[in-house]
$ cat my_file07.txt   # compact mmCIF, C-alpha atoms and all ligand atoms
# COMPACT_ATOMS: atom_id res chain seq x y z
CA MET A 110 84.56 89.03 103.87
CA ASN A 111 84.87 86.19 106.32
CA ILE A 112 87.92 86.74 108.47
CA LYS A 113 88.35 85.43 112.00
CA ASN A 114 91.24 85.84 114.42
CA CYS A 115 93.04 88.13 111.95
CA PHE A 116 95.72 90.72 112.80
CA GLY A 117 93.07 93.35 113.65
CA CYS A 118 95.04 96.04 111.81
CA GLY A 119 91.86 97.92 110.86
CA VAL A 120 92.87 98.76 107.27
CA CYS A 121 89.78 96.95 105.89
CA ALA A 122 87.59 99.42 107.80
CA VAL A 123 89.62 102.33 106.39
CA VAL A 124 89.25 101.23 102.76
CA CYS A 125 85.59 100.16 102.79
CA ALA A 126 83.69 102.68 100.64
CA LYS A 127 80.35 101.59 102.11
CA LYS A 128 81.65 102.17 105.67
CA ILE A 129 80.10 98.93 106.85
CA ILE A 130 83.16 97.45 108.58
CA SER A 131 83.85 98.37 112.16
CA ILE A 132 86.70 97.18 114.36
CA LYS A 133 85.67 95.93 117.78
CA GLN A 134 87.35 94.15 120.64
CA ASP A 135 86.47 90.42 120.58
CA SER A 136 85.77 88.14 123.54
CA GLU A 137 89.49 87.37 123.94
CA GLY A 138 90.58 91.03 124.06
CA PHE A 139 91.81 91.64 120.48
CA TYR A 140 90.57 93.90 117.70
CA ALA A 141 88.58 92.17 114.97
CA PRO A 142 86.55 93.38 111.96
CA CYS A 143 82.82 93.07 112.00
CA ILE A 144 80.41 93.92 109.18
CA VAL A 145 77.49 95.95 110.42
CA ASN A 146 75.13 95.97 107.40
CA LEU A 147 75.99 92.94 105.32
CA GLU A 148 73.20 93.65 102.80
CA GLN A 149 75.04 96.82 101.72
CA CYS A 150 78.23 94.91 100.81
CA THR A 151 78.89 95.10 97.04
CA ASP A 152 81.59 92.39 97.08
CA CYS A 153 84.12 94.87 95.70
CA GLY A 154 86.92 92.90 97.40
CA LEU A 155 88.92 95.94 98.56
CA CYS A 156 88.87 94.79 102.18
CA THR A 157 90.61 91.50 101.40
CA LYS A 158 92.94 93.16 98.88
CA VAL A 159 94.48 95.35 101.60
CA CYS A 160 94.40 92.64 104.26
CA ALA A 161 97.87 91.32 105.17
CA TYR A 162 96.28 88.35 106.95
CA SER A 163 94.65 87.17 103.70
CA HIS A 164 97.92 87.01 101.76
CA LYS A 165 100.73 84.53 102.25
CA GLU A 166 103.54 86.82 101.15
CA VAL A 167 104.85 89.96 102.85
CA LEU A 168 105.14 93.05 100.62
CA ASP A 169 108.91 93.40 100.93
CA CYS A 170 111.03 95.58 98.70
CA ASN A 171 114.12 93.46 97.92
CA THR A 172 116.99 95.76 98.87
CA THR A 173 119.99 94.51 100.84
CA PRO A 174 119.21 95.70 104.37
CA GLN A 175 121.64 97.95 106.26
CA GLY A 176 121.82 97.43 110.02
CA TYR A 177 123.01 99.68 112.82
CA ALA A 178 123.19 100.02 116.56
CA ALA A 179 121.79 103.48 117.24
CA TRP A 180 120.52 105.87 119.88
CA SER A 181 119.30 109.42 120.27
CA THR A 182 121.97 111.95 121.22
CA ASP A 183 119.29 113.71 123.31
CA VAL A 184 119.69 112.10 126.75
CA VAL A 185 116.13 112.89 127.81
CA VAL A 186 114.67 111.25 124.71
CA ARG A 187 116.88 108.20 125.15
CA LYS A 188 115.86 107.86 128.81
CA ASN A 189 112.13 108.07 128.06
CA CYS A 190 112.09 105.69 125.10
CA SER A 191 112.08 101.90 125.24
CA SER A 192 115.50 101.30 123.72
CA GLY A 193 117.54 104.08 122.07
CA GLY A 194 114.75 106.46 120.99
CA VAL A 195 115.43 106.17 117.26
CA GLY A 196 111.73 105.96 116.36
CA PHE A 197 111.20 109.32 118.01
CA GLU A 198 114.23 110.90 116.29
CA ILE A 199 113.25 109.67 112.83
CA GLY A 200 109.84 111.30 113.40
CA ARG A 201 111.39 114.54 114.68
CA SER A 202 113.70 114.76 111.66
CA LEU A 203 110.89 114.10 109.14
CA LEU A 204 108.67 116.64 110.89
CA ASP A 205 111.40 119.26 110.26
CA LYS A 206 111.26 118.30 106.57
CA GLY A 207 107.50 118.91 106.33
CA TYR A 208 106.13 115.42 107.01
CA LYS A 209 103.17 114.63 109.24
CA LEU A 210 103.48 111.73 111.66
CA CYS A 211 101.22 108.86 112.63
CA GLY A 212 102.26 106.97 115.77
CA VAL A 213 100.76 105.39 118.88
CA CYS A 214 99.82 107.05 122.17
CA TYR A 215 98.20 105.73 125.33
CA ASP A 216 94.77 107.03 126.31
CA VAL A 217 94.66 106.98 130.11
CA PRO A 218 90.86 107.26 130.69
CA SER A 219 90.08 104.25 128.48
CA HIS A 220 93.41 102.48 129.11
CA LYS A 221 93.70 101.89 125.36
CA ALA A 222 96.56 102.37 122.90
CA LYS A 223 95.59 104.18 119.72
CA HIS A 224 97.19 105.54 116.58
CA TYR A 225 97.09 109.33 116.39
CA ILE A 226 98.38 112.13 114.21
CA ALA A 227 101.13 114.54 115.21
CA SER A 228 101.86 117.74 113.29
CA THR A 229 104.11 119.33 115.93
CA LEU A 230 107.02 118.18 118.07
CA ALA A 231 104.91 118.66 121.21
CA GLU A 232 102.28 116.27 119.82
CA TRP A 233 104.94 113.71 118.81
CA GLN A 234 106.11 113.39 122.45
CA ASP A 235 103.19 111.04 123.20
CA SER A 236 104.57 108.47 120.74
CA LYS A 237 107.65 107.88 122.89
CA GLY A 238 108.04 104.38 124.27
CA SER A 239 106.32 101.10 123.51
CA LYS A 240 102.77 100.50 124.65
CA TYR A 241 102.54 96.74 124.99
CA ILE A 242 98.92 96.36 123.98
CA GLN A 243 97.27 96.32 120.55
CA SER A 244 96.58 99.78 119.14
CA TYR A 245 93.33 100.92 117.51
CA THR A 246 94.26 102.31 114.09
CA VAL A 247 91.04 103.21 112.29
CA ASP A 248 90.42 106.87 113.21
CA ALA A 249 94.03 107.94 112.60
CA PHE A 250 94.49 105.93 109.39
CA LYS A 251 91.22 107.40 108.03
CA ALA A 252 92.47 110.92 108.77
CA ILE A 253 95.61 110.48 106.64
CA ASP A 254 95.52 112.57 103.47
CA ARG A 255 97.45 110.54 100.88
CA LYS A 256 98.47 113.69 99.02
CA GLU A 257 100.61 114.86 101.95
CA ARG A 258 103.93 113.39 103.14
CA TRP A 259 103.77 111.01 106.09
CA LEU A 260 105.72 108.82 108.48
CA VAL A 261 103.48 105.96 109.61
CA THR A 262 104.67 103.65 112.39
CA GLY A 263 103.12 100.44 113.67
CA THR A 264 103.38 96.71 114.18
CA PRO A 265 104.64 94.76 111.14
CA CYS A 266 101.15 93.44 110.32
CA GLN A 267 99.60 96.93 110.51
CA ILE A 268 102.32 98.24 108.21
CA ASP A 269 102.01 95.35 105.73
CA SER A 270 98.28 96.05 105.30
CA PHE A 271 98.89 99.79 105.17
CA ARG A 272 101.43 99.37 102.35
CA ARG A 273 98.88 97.26 100.41
CA TYR A 274 96.39 100.09 100.87
CA LEU A 275 98.88 102.70 99.62
CA ARG A 276 99.91 100.55 96.66
CA MET A 277 96.28 100.18 95.65
CA PHE A 278 96.02 103.98 95.40
CA ASN A 279 99.50 104.34 93.88
CA ALA A 280 100.44 106.54 96.83
CA GLU A 281 103.57 104.92 98.29
CA GLU A 282 105.85 107.74 97.18
CA ASN A 283 104.64 110.18 99.85
CA PHE A 284 105.10 107.73 102.70
CA VAL A 285 107.86 106.42 104.95
CA LEU A 286 106.75 103.28 106.79
CA LEU A 287 108.38 102.16 110.03
CA ASP A 288 107.75 98.93 111.98
CA PHE A 289 109.57 97.09 114.79
CA PHE A 290 110.55 93.54 115.70
CA CYS A 291 107.33 92.34 117.25
CA HIS A 292 106.96 89.78 120.00
CA GLY A 293 103.15 89.87 119.55
CA VAL A 294 100.41 91.86 121.25
CA PRO A 295 98.94 90.76 124.61
CA SER A 296 95.23 90.52 125.32
CA LYS A 297 93.50 93.71 126.47
CA LEU A 298 91.60 91.56 129.01
CA VAL A 299 94.90 90.80 130.72
CA TRP A 300 95.88 94.48 130.69
CA ASP A 301 92.48 95.55 132.08
CA LYS A 302 92.74 93.05 134.91
CA TYR A 303 96.25 94.22 135.73
CA ILE A 304 95.20 97.88 135.80
CA ALA A 305 92.12 97.06 137.94
CA GLU A 306 94.36 95.30 140.45
CA VAL A 307 96.75 98.24 140.71
CA GLU A 308 93.88 100.75 140.98
CA LYS A 309 92.31 98.73 143.80
CA LYS A 310 95.49 99.17 145.81
CA LEU A 311 96.77 102.59 144.76
CA GLY A 312 93.94 104.62 143.25
CA ARG A 313 93.38 105.79 139.69
CA VAL A 314 96.29 105.26 137.30
CA GLU A 315 97.31 108.62 135.80
CA SER A 316 100.22 107.60 133.58
CA VAL A 317 101.92 104.45 132.34
CA SER A 318 105.50 103.73 131.39
CA TRP A 319 106.00 100.14 130.24
CA ARG A 320 109.76 100.30 130.09
CA SER A 321 111.05 102.50 132.89
CA LYS A 322 114.85 102.60 132.88
CA GLU A 323 114.97 103.20 136.63
CA TYR A 324 117.08 100.05 137.07
CA GLY A 325 118.97 100.47 133.79
CA TRP A 326 118.09 99.30 130.28
CA ASN A 327 119.08 95.66 130.76
CA ASP A 328 116.42 95.30 133.43
CA SER A 329 113.96 97.60 131.69
CA TRP A 330 110.94 95.29 131.70
CA VAL A 331 109.74 97.61 134.43
CA MET A 332 106.18 98.86 134.70
CA LYS A 333 105.88 102.29 136.25
CA LEU A 334 102.39 103.54 136.92
CA GLN A 335 101.71 106.90 138.49
CA CYS A 336 98.56 106.77 140.60
CA ASP A 337 96.50 109.60 142.02
CA GLU A 338 96.58 108.69 145.73
CA GLY A 339 99.45 110.76 147.10
CA ASP A 340 101.59 110.40 143.97
CA ILE A 341 102.36 106.78 144.66
CA TRP A 342 104.52 105.06 142.09
CA HIS A 343 103.91 101.40 141.41
CA VAL A 344 107.07 99.92 139.99
CA SER A 345 107.22 96.24 139.22
CA ARG A 346 109.83 94.30 137.34
CA ARG A 347 109.84 91.18 135.26
CA SER A 348 112.91 89.98 137.15
CA GLN A 349 110.73 90.09 140.30
CA GLY A 350 107.87 88.19 138.68
CA ASP A 351 105.62 91.02 137.48
CA ALA A 352 102.34 89.35 136.50
CA PHE A 353 101.75 91.22 133.24
CA TYR A 354 105.26 90.62 131.96
CA GLN A 355 105.13 86.96 133.04
CA LEU A 356 102.14 86.41 130.76
CA PHE A 357 103.26 88.69 127.91
CA LEU A 358 106.91 87.65 127.64
CA GLY A 359 106.06 84.05 128.54
CA ASN A 360 103.88 84.11 125.35
CA GLN A 361 100.80 83.07 127.33
CA CYS A 362 98.34 85.77 126.27
CA LEU A 363 99.10 86.94 122.71
CA GLY A 364 96.58 87.29 119.89
CA LYS A 365 95.88 84.04 117.99
CA ALA A 366 97.39 85.60 114.84
CA CYS A 367 100.66 86.34 116.71
CA TYR A 368 101.60 82.65 116.91
CA ALA A 369 101.85 80.43 113.80
CA HIS A 370 100.29 83.10 111.54
CA CYS A 371 102.92 85.76 112.21
CA LYS A 372 104.96 86.26 109.01
CA TYR A 373 107.18 89.02 110.31
CA LYS A 374 109.96 87.53 112.40
CA ASP A 375 113.62 88.22 111.65
CA LEU A 376 113.84 90.64 108.68
CA SER A 377 110.48 89.88 107.12
CA SER A 378 108.81 93.28 106.79
CA ALA A 379 106.84 95.55 104.47
CA ALA A 380 108.32 98.68 106.07
CA ASP A 381 111.09 101.02 104.89
CA ILE A 382 112.71 100.98 108.33
CA ARG A 383 112.62 98.46 111.17
CA ILE A 384 113.60 99.25 114.75
CA GLY A 385 113.91 97.22 117.95
CA ASP A 386 115.97 96.56 121.05
CA LEU A 387 119.55 95.64 120.28
CA TRP A 388 119.93 92.91 122.89
CA GLY A 389 123.01 90.72 122.74
CA ALA A 390 126.67 90.51 123.62
CA ALA A 391 127.92 93.65 121.82
CA TYR A 392 126.02 96.14 124.02
CA LYS A 393 125.37 94.10 127.15
CA GLU A 394 127.15 96.63 129.37
CA ASN A 395 125.06 99.53 128.08
CA GLU A 396 122.40 100.73 130.53
CA GLU A 397 121.09 103.78 128.60
CA GLY A 398 119.43 101.80 125.80
CA VAL A 399 120.48 100.75 122.30
CA SER A 400 118.15 100.45 119.33
CA ALA A 401 118.52 98.07 116.43
CA LEU A 402 117.96 100.23 113.33
CA ILE A 403 117.57 98.68 109.89
CA GLY A 404 117.13 100.40 106.54
CA LEU A 405 115.09 97.91 104.51
CA THR A 406 114.50 99.96 101.37
CA LYS A 407 116.49 102.62 99.49
CA LYS A 408 114.07 105.20 100.83
CA GLY A 409 114.48 103.94 104.39
CA GLN A 410 118.26 103.99 104.05
CA GLN A 411 118.17 107.60 102.85
CA VAL A 412 115.93 108.63 105.73
CA ILE A 413 118.38 107.04 108.20
CA GLN A 414 121.37 108.81 106.58
CA ASN A 415 119.56 112.15 106.85
CA THR A 416 118.34 111.80 110.45
CA ASP A 417 120.06 114.20 112.87
CA ARG A 418 120.44 113.57 116.59
CA ILE A 419 121.18 109.85 116.14
CA GLU A 420 124.49 108.21 116.90
CA ARG A 421 124.80 105.06 114.83
CA THR A 422 127.35 102.32 114.23
CA SER A 423 127.11 100.01 111.25
CA HIS A 424 127.05 96.29 112.18
CA ASP A 425 126.80 92.90 110.62
CA MET A 426 123.18 91.60 110.75
CA ASN A 427 124.21 88.79 113.16
CA ILE A 428 124.89 91.44 115.78
CA VAL A 429 121.80 93.52 115.00
CA LEU A 430 119.50 90.48 115.12
CA GLU A 431 121.15 88.62 117.97
CA GLY A 432 118.40 88.94 120.59
CA GLN A 433 115.44 88.62 118.22
CA MET A 434 113.01 85.74 117.81
CA LYS A 435 113.84 83.90 114.60
CA HIS A 436 110.74 81.70 114.41
CA THR A 437 107.06 81.84 115.14
CA LEU A 438 105.76 80.82 118.57
CA SER A 439 103.58 77.84 119.33
CA TYR A 440 100.13 78.35 120.80
CA PRO A 441 100.19 77.83 124.58
CA CYS A 442 97.83 75.32 126.15
CA ILE A 443 96.78 77.70 128.96
CA MET A 444 95.70 80.45 126.55
CA ARG A 445 92.09 79.40 126.06
CA PRO A 446 91.17 78.65 129.71
CA LEU A 447 92.98 81.78 130.89
CA GLN A 448 91.20 84.05 128.44
CA LEU A 449 87.82 82.46 129.08
CA PHE A 450 88.35 83.02 132.77
CA LEU A 451 89.41 86.63 132.26
CA SER A 452 86.47 87.43 129.99
CA ARG A 453 83.82 85.82 132.21
CA THR A 454 84.75 86.49 135.76
CA LYS A 455 83.04 89.36 137.52
CA VAL A 456 84.59 88.47 140.87
CA PRO A 457 87.57 90.66 141.82
CA ILE A 458 90.57 88.37 141.87
CA ALA A 459 94.19 88.87 142.73
CA PHE A 460 95.86 89.10 139.34
CA GLN A 461 99.18 87.78 140.61
CA ALA A 462 97.43 84.77 142.15
CA LEU A 463 95.62 84.11 138.89
CA VAL A 464 98.86 84.16 136.94
CA SER A 465 100.55 81.82 139.43
CA LYS A 466 97.58 79.46 139.21
CA TYR A 467 97.78 79.21 135.43
CA THR A 468 101.56 79.10 135.18
CA ASN A 469 101.63 76.32 137.81
CA LYS A 470 98.97 74.44 135.87
CA LEU A 471 101.07 74.80 132.72
CA LYS A 472 104.20 73.65 134.52
CA SER A 473 102.50 70.56 135.85
CA ARG A 474 101.05 69.73 132.40
CA LEU A 475 104.49 70.05 130.88
CA GLN A 476 106.01 68.31 133.91
CA ILE A 477 108.41 71.18 134.60
CA PRO A 478 109.74 70.97 138.20
C1 LIG B 1 103.67 94.99 121.09
C2 LIG B 1 105.14 95.26 120.87
C3 LIG B 1 106.02 94.18 120.78
C4 LIG B 1 107.41 94.41 120.58
N1 LIG B 1 108.26 93.34 120.47
C5 LIG B 1 109.60 93.55 120.28
C6 LIG B 1 110.52 92.47 120.13
O1 LIG B 1 110.15 91.29 120.18
N2 LIG B 1 111.84 92.77 119.93
C7 LIG B 1 112.29 94.06 119.87
O2 LIG B 1 113.49 94.28 119.69
N3 LIG B 1 111.42 95.10 119.96
C8 LIG B 1 110.11 94.89 120.17
N4 LIG B 1 109.24 95.95 120.24
C9 LIG B 1 109.77 97.31 119.99
C10 LIG B 1 110.48 97.89 121.18
O3 LIG B 1 109.67 97.79 122.32
C11 LIG B 1 110.83 99.38 120.96
O4 LIG B 1 109.74 100.06 120.42
C12 LIG B 1 111.95 99.52 120.04
O5 LIG B 1 113.11 99.03 120.67
C13 LIG B 1 112.16 100.97 119.62
O6 LIG B 1 112.49 101.68 120.75
P1 LIG B 1 112.69 103.25 120.73
O7 LIG B 1 113.25 103.56 122.05
O8 LIG B 1 113.45 103.71 119.56
O9 LIG B 1 111.22 103.66 120.57
P2 LIG B 1 110.50 104.98 120.25
O10 LIG B 1 111.39 106.00 119.68
O11 LIG B 1 109.80 105.34 121.49
O12 LIG B 1 109.46 104.48 119.14
C14 LIG B 1 108.51 103.52 119.40
C15 LIG B 1 107.54 103.52 118.24
O13 LIG B 1 106.62 102.44 118.43
C16 LIG B 1 105.29 102.91 118.19
N5 LIG B 1 104.43 102.12 119.08
C17 LIG B 1 104.42 102.11 120.42
N6 LIG B 1 103.50 101.26 120.88
C18 LIG B 1 102.88 100.71 119.80
C19 LIG B 1 101.82 99.78 119.62
N7 LIG B 1 101.20 99.20 120.65
N8 LIG B 1 101.45 99.47 118.36
C20 LIG B 1 102.05 100.04 117.29
N9 LIG B 1 103.07 100.93 117.40
C21 LIG B 1 103.48 101.26 118.64
C22 LIG B 1 105.30 104.38 118.57
O14 LIG B 1 104.34 105.08 117.82
C23 LIG B 1 106.71 104.79 118.17
O15 LIG B 1 106.74 105.26 116.85
C24 LIG B 1 107.88 95.75 120.45
C25 LIG B 1 106.99 96.82 120.55
C26 LIG B 1 105.63 96.58 120.75
C27 LIG B 1 104.68 97.78 120.85

$ encode --input "my_file07.txt" --output "structure tokens"
Amino acid sequence: MNIKNCFGCGVCAVVCAKKIISIKQDSEGFYAPCIVNLEQCTDCGLCTKVCAYSHKEVLDCNTTPQGYAAWSTDVVVRKNCSSGGVGFEIGRSLLDKGYKLCGVCYDVPSHKAKHYIASTLAEWQDSKGSKYIQSYTVDAFKAIDRKERWLVTGTPCQIDSFRRYLRMFNAEENFVLLDFFCHGVPSKLVWDKYIAEVEKKLGRVESVSWRSKEYGWNDSWVMKLQCDEGDIWHVSRRSQGDAFYQLFLGNQCLGKACYAHCKYKDLSSAADIRIGDLWGAAYKENEEGVSALIGLTKKGQQVIQNTDRIERTSHDMNIVLEGQMKHTLSYPCIMRPLQLFLSRTKVPIAFQALVSKYTNKLKSRLQIP
């Protein structure tokens, strides 16, 4: 196995019978496989067989997709989720039907996102809302018993590899797979620097909400961090130049595989269900949050029909996809110097100043006034 700059989905480490693949953060802040005892490798090829990065095609299922605008009818769920809370409600409904759930939570002490398993509604609460950093999948994916029924959620590349893994074991029947429209994952080095900067000013970060709806859903690129010094809230918005969102949404710090190698824009997906933000003209006045909800397979469409606590309206795909990226992104010229700087510097620096420095450099290179 000789894979560099891959999606970092971790499924190769899950399938390896010799347990010689581990997933570690690389020097640019993304997960990558590394073989620990190469001499034990038997060249069985399972790791590349399940690897979505090693295949050109996406494992799609060829059903005409059905698209909706949708949201949770539970106002608290809708408020705490990133768009309409449909991911949470699909999980809740499947839990009632005897499924187990695998989603992503945020681990505050390590400031990492990780996949985890929920068997109760209380445990599923931690999956609410997007965590805009790459999640570590291996421990949770390894703990999945393929004989039980599961909902597994994740980025499109994680789900594509996971479906390959299930297909290899002829185990797709027990699974519902859910992904989302994915902008790409930002570097963990950028996130660590951002957190360090906030902690320097406000004390230890105790909780993170990436998409606080304090100013409404249309301006919901709002970072809300609860810190331990006197319950101070740090709330910063993209519209006011928040440094993390400037780099993330300006496509300046995504994983190498999130640019030209991403195969999952538009409706390209290996999942049964795709969700996202339904941005665009039809719901521009809505401030509570609207999810795009798409049934991609017959199974996904049935799950959507049978999900309680969701209000949904059927729409033409043009409306459902209006705000989504249609094409892959090009690799930014500041990416390499920025990441090298972030990985090497030991000197405490003002994160906002760093971002301004690099965005100004980019502007002058591109001759943007
Ligand atoms: C890195 C990233 C990029 C995204 N890019 C876009 C985009 O370009 N366009 C768009 O419309 N939507 C994007 N989304 C999805 C969007 O942010 C919302 O998740 C989506 O609108 C569903 O909202 P909801 O309120 O129904 O979510 P919820 O009901 O809260 O469900 C969110 C689901 O996402 C899972 N999840 C959260 N964080 C991660 C993570 N880091 N890795 C894997 N799974 C995770 C949770 O387990 C949960 O199942 C992105 C999400 C992430 C994590």

$ atom_distance --input "my_file07.txt" --atom1 "atom CA of Ala227 of chain A" --atom2 "atom CA of Cys211 of chain A"
6.2 Å

$ residues_near_ligand --input "my_file07.txt" --ligand "ligand LIG 1 (chain B)" --cutoff "7 Å" --atoms "only C-alpha atoms and all ligand atoms" --output "count of residues only"
40

$ axis_aligned_box --input "my_file07.txt" --around "segment 241-257 of chain A" --padding-each-side "4 Å" --output "lines of an AutoDock Vina configuration file"
center_x = 96.5
center_y = 105.6
center_z = 112.0
size_x = 20.1
size_y = 26.5
size_z = 34.0

$ atom_distance --input "my_file07.txt" --atom1 "atom CA of Tyr225 of chain A" --atom2 "atom CA of Asp248 of chain A"
7.8 Å

$ closest_residue --input "my_file07.txt" --among "A:Cys266, A:Val247, A:Ile253, A:Ala352" --to "Cys367 of chain A" --atoms "all atoms listed in the file"
A:Cys266

$ closest_residue --input "my_file07.txt" --among "A:Arg273, A:Lys302, A:Arg320, A:Lys206" --to "Leu447 of chain A" --atoms "only C-alpha atoms"
A:Lys302

$ atom_distance --input "my_file07.txt" --atom1 "atom CA of Asn395 of chain A" --atom2 "atom CA of Ser202 of chain A"
25.1 Å

$ closest_residue --input "my_file07.txt" --among "A:Val124, A:Lys310, A:Glu338, A:His220" --to "Ala252 of chain A" --atoms "all atoms listed in the file"
A:Val124

$ residues_around --input "my_file07.txt" --residues "Thr151 of chain A" --least-positions-apart "5" --cutoff "12 Å" --atoms "all atoms listed in the file" --output "list in words"
Met110, Cys125, Ala126, Lys127, Lys128, Ile129, Asn146 and Cys156 of chain A

$ closest_residue --input "my_file07.txt" --among "A:Gly200, A:Leu168, A:Val331, A:His370" --to "Asn114 of chain A" --atoms "all atoms listed in the file"
A:His370

$ closest_residue --input "my_file07.txt" --among "A:Lys113, A:Arg276, A:Lys188, A:Arg258" --to "Leu203 of chain A" --atoms "only C-alpha atoms"
A:Arg258

$ closest_residue --input "my_file07.txt" --among "A:Gln361, A:Asp425, A:Leu334, A:Thr229" --to "Leu204 of chain A" --atoms "only C-alpha atoms"
A:Thr229

$ residues_near_point --input "my_file07.txt" --point "(97.6, 87.9, 104.7)" --cutoff "9 Å" --atoms "only C-alpha atoms" --output "VMD selection string"
chain A and resid 115 to 116 157 159 to 167 266 269 to 270 370 372

$ residues_around --input "my_file07.txt" --residues "Ser318 of chain A" --least-positions-apart "2" --cutoff "6 Å" --atoms "all atoms listed in the file" --output "ChimeraX atom specification"
/A:320-321,332-333

$ residues_near_point --input "my_file07.txt" --point "(103.3, 108.3, 101.4)" --cutoff "9 Å" --atoms "only C-alpha atoms" --output "CSV table (one decimal) with C-alpha atoms, keeping the file's coordinate frame"
chain,number,residue,atom,x,y,z
A,255,ARG,CA,97.4,110.5,100.9
A,256,LYS,CA,98.5,113.7,99.0
A,257,GLU,CA,100.6,114.9,102.0
A,258,ARG,CA,103.9,113.4,103.1
A,259,TRP,CA,103.8,111.0,106.1
A,260,LEU,CA,105.7,108.8,108.5
A,261,VAL,CA,103.5,106.0,109.6
A,275,LEU,CA,98.9,102.7,99.6
A,280,ALA,CA,100.4,106.5,96.8
A,281,GLU,CA,103.6,104.9,98.3
A,282,GLU,CA,105.8,107.7,97.2
A,283,ASN,CA,104.6,110.2,99.8
A,284,PHE,CA,105.1,107.7,102.7
A,285,VAL,CA,107.9,106.4,105.0
A,286,LEU,CA,106.8,103.3,106.8

$ residues_around --input "my_file07.txt" --residues "segment 412-419 of chain A" --least-positions-apart "3" --cutoff "7 Å" --atoms "all atoms listed in the file" --output "ChimeraX atom specification"
/A:179-183,195,198-199,202,404,408-409

$ decode --input "my_file07.txt" --residues "segment 395-407 of chain A" --atoms "N, CA, C and O atoms" --output "mmCIF file, in the first residue's frame"
data_model
loop_
_atom_site.group_PDB
_atom_site.id
_atom_site.type_symbol
_atom_site.label_atom_id
_atom_site.label_comp_id
_atom_site.auth_asym_id
_atom_site.auth_seq_id
_atom_site.Cartn_x
_atom_site.Cartn_y
_atom_site.Cartn_z
ATOM 1 N N ASN A 395 -35.911 32.377 5.692
ATOM 2 C CA ASN A 395 -36.015 31.498 6.856
ATOM 3 C C ASN A 395 -34.807 31.673 7.774
ATOM 4 O O ASN A 395 -33.668 31.630 7.322
ATOM 5 N N GLU A 396 -35.034 31.883 9.049
ATOM 6 C CA GLU A 396 -33.921 32.083 9.978
ATOM 7 C C GLU A 396 -33.779 30.926 10.975
ATOM 8 O O GLU A 396 -32.906 30.933 11.820
ATOM 9 N N GLU A 397 -34.660 29.913 10.871
ATOM 10 C CA GLU A 397 -34.575 28.778 11.815
ATOM 11 C C GLU A 397 -33.660 27.670 11.301
ATOM 12 O O GLU A 397 -33.137 26.881 12.074
ATOM 13 N N GLY A 398 -33.504 27.597 9.976
ATOM 14 C CA GLY A 398 -32.642 26.570 9.389
ATOM 15 C C GLY A 398 -33.412 25.568 8.543
ATOM 16 O O GLY A 398 -34.402 25.004 8.996
ATOM 17 N N VAL A 399 -32.941 25.378 7.315
ATOM 18 C CA VAL A 399 -33.595 24.443 6.389
ATOM 19 C C VAL A 399 -32.543 23.476 5.857
ATOM 20 O O VAL A 399 -31.491 23.897 5.378
ATOM 21 N N SER A 400 -32.844 22.185 5.949
ATOM 22 C CA SER A 400 -31.923 21.185 5.410
ATOM 23 C C SER A 400 -32.337 20.789 4.004
ATOM 24 O O SER A 400 -33.531 20.692 3.708
ATOM 25 N N ALA A 401 -31.331 20.537 3.167
ATOM 26 C CA ALA A 401 -31.557 19.820 1.917
ATOM 27 C C ALA A 401 -31.555 18.342 2.315
ATOM 28 O O ALA A 401 -30.699 17.907 3.086
ATOM 29 N N LEU A 402 -32.519 17.581 1.826
ATOM 30 C CA LEU A 402 -32.626 16.161 2.191
ATOM 31 C C LEU A 402 -32.864 15.378 0.904
ATOM 32 O O LEU A 402 -33.833 15.644 0.187
ATOM 33 N N ILE A 403 -31.996 14.437 0.606
ATOM 34 C CA ILE A 403 -32.093 13.734 -0.676
ATOM 35 C C ILE A 403 -32.048 12.224 -0.455
ATOM 36 O O ILE A 403 -31.096 11.694 0.140
ATOM 37 N N GLY A 404 -33.079 11.548 -0.935
ATOM 38 C CA GLY A 404 -33.088 10.086 -0.914
ATOM 39 C C GLY A 404 -32.406 9.606 -2.187
ATOM 40 O O GLY A 404 -32.911 9.822 -3.281
ATOM 41 N N LEU A 405 -31.245 8.958 -2.028
ATOM 42 C CA LEU A 405 -30.450 8.583 -3.206
ATOM 43 C C LEU A 405 -30.700 7.147 -3.640
ATOM 44 O O LEU A 405 -30.409 6.776 -4.773
ATOM 45 N N THR A 406 -31.152 6.319 -2.714
ATOM 46 C CA THR A 406 -31.440 4.924 -3.036
ATOM 47 C C THR A 406 -32.870 4.619 -2.587
ATOM 48 O O THR A 406 -33.461 5.389 -1.817
ATOM 49 N N LYS A 407 -33.381 3.462 -3.038
ATOM 50 C CA LYS A 407 -34.743 3.058 -2.611
ATOM 51 C C LYS A 407 -34.793 2.966 -1.083
ATOM 52 O O LYS A 407 -35.749 3.409 -0.449
#
